[in-house]
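> Please see the structure below; I have some questions.
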Amino acid sequence: MKIGEKVAAIGTLLDEFYPEQPIPLQHRDPYTFLVAVMLSAQTTDKKVNQVTPTLFDAAGNPAEMAALKVEQIRDIIREIGLAPTKAKNLHLMAHQLLERHEGEVPQTFEELEALAGVGHKTASVVMVQAFGVPAFPVDTHIHRLATRWGLSEGRNVVQVERDLKNLFPEEEWARRHLQIIFFGREHCPARGHDPLDCPICSFTS
């Protein structure tokens, strides 16, 4: 199967499995979405969603977050992986938004990635999901499936992101990002996976 045919077949199946792609992280606005995405690193979305209601009630905007002590933030998110580091980053990020952006979440990759605790993947998720700017965030799920399905030979997320952007039309990036994550969790896990029983691996392997 030629790569173009493979990409089209994968896209068709993903659309059949996930015609709707709800954002899995609960949020109220771009700021709370940024916070949720920052918390989600090396932590399940379910765990983040258990913690954020209390956090957002206490610090639903940058001014309220900056007013808290780092220890208070840490106590609220203590069940989240890397809580001490994330608490420090959230506190500093809130101050940076107030000092640099009048308390608003910036809408450029450069400005987002200059914030504490915000890397390229986090910035990409915020840009595409909060602001509708074309981006193809690559996490461990997407990296794993892109190589498993023969869509990329990239050894790092930068290469995988570039390959996927070249394969899928720009207008599909937002939904493919979420669809691949959902598919990986439900049908194509890292361990205990039988490619012959997988709707996509069965024809891409």
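Residues are named by chain letter and number: chains run A, B, ... in the order of the structure tokens, numbers start at 1 in each chain, and ligands are numbered from 1 in the order shown.
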Using only C-alpha atoms, which protein or nucleic acid residues come within 8 Å of range 65-73 of chain A? Drop anything in the same chain fewer than 4 positions from it, and give the result as a PyMOL selection string.
chain A and resi 55+58-61+77+87-88+90-92+94-95
> Would you list the contacts of range 158-162 of chain A as a PyMOL selection string, taking every protein, DNA or RNA residue within 10 Å and counting only C-alpha atoms, but skipping same-chain residues closer than 2 positions in sequence?
chain A and resi 120-121+135-139+142-144+146-147+151-156+164-167
> Those same residues - C-alpha atoms - I'd like them written as a JSON list (two decimals), in the first residue's frame.

```json
[["chain", "number", "residue", "atom", "x", "y", "z"],
["A", 120, "HIS", "CA", 6.39, 23.08, 22.23],
["A", 121, "LYS", "CA", 3.87, 20.27, 22.71],
["A", 135, "ALA", "CA", -0.88, 22.56, 14.85],
["A", 136, "PHE", "CA", -0.18, 18.85, 15.25],
["A", 137, "PRO", "CA", 0.92, 18.25, 18.84],
["A", 138, "VAL", "CA", 2.90, 15.03, 19.25],
["A", 139, "ASP", "CA", 2.88, 13.20, 22.58],
["A", 142, "ILE", "CA", 1.15, 9.79, 18.75],
["A", 143, "HIS", "CA", 4.90, 9.21, 18.47],
["A", 144, "ARG", "CA", 4.40, 5.52, 19.17],
["A", 146, "ALA", "CA", 3.12, 7.12, 13.94],
["A", 147, "THR", "CA", 6.14, 4.83, 13.95],
["A", 151, "LEU", "CA", 3.95, 7.10, 9.04],
["A", 152, "SER", "CA", 7.28, 8.25, 10.40],
["A", 153, "GLU", "CA", 10.73, 6.94, 11.20],
["A", 154, "GLY", "CA", 11.40, 9.90, 13.44],
["A", 155, "ARG", "CA", 13.31, 9.23, 16.62],
["A", 156, "ASN", "CA", 12.03, 12.36, 18.30],
["A", 164, "LEU", "CA", 2.62, 13.96, 10.15],
["A", 165, "LYS", "CA", 2.14, 17.55, 9.02],
["A", 166, "ASN", "CA", 3.41, 16.56, 5.60],
["A", 167, "LEU", "CA", 1.11, 13.54, 5.38]]
```
> Find the spatial neighbours of range 191-202 of chain A, counting only C-alpha atoms, within a cut-off of 10 Å - ignore same-chain residues fewer than 3 positions away - and output them as a PyMOL selection string.
chain A and resi 6+9-10+13-14+145+148-150+183+187-188+205
> Return the single residue from A:Gly11, A:Ser40, A:Asp75, A:Met93 that is closest to Leu25 in chain A, with distances computed using only C-alpha atoms.
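Going through A:Gly11, A:Ser40, A:Asp75, A:Met93 one by one, the smallest distance to Leu25 in chain A is for A:Ser40.
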> Could you please determine the separation between CA of Asp57 in chain A and CA of Lys86 in chain A in Å, to one decimal place?
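Interatomic distance here is 17.8 Å.
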> What is the distance, in Å and to one decimal place, between CA of Lys47 in chain A and CA of Phe131 in chain A?
24.5 Å
> Just the number, please: distance in Å from CA of Pro134 in chain A to CA of Leu39 in chain A, one decimal.
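A separation of 22.5 Å between them.
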> Among range 68-143 of chain A, which residues carry a DSSP assignment of alpha helix (DSSP H), reported as an NGL selection string?
:A and (70-76 or 83-101 or 109-113 or 120-130 or 140-143)
> With only C-alpha atoms as the counted atoms, please give the residues lying no more than 10 Å from Glu20 in chain A, apart from itself and same-chain residues fewer than 2 positions off, as a PyMOL selection string.
chain A and resi 15-18+22-23+175+178-179
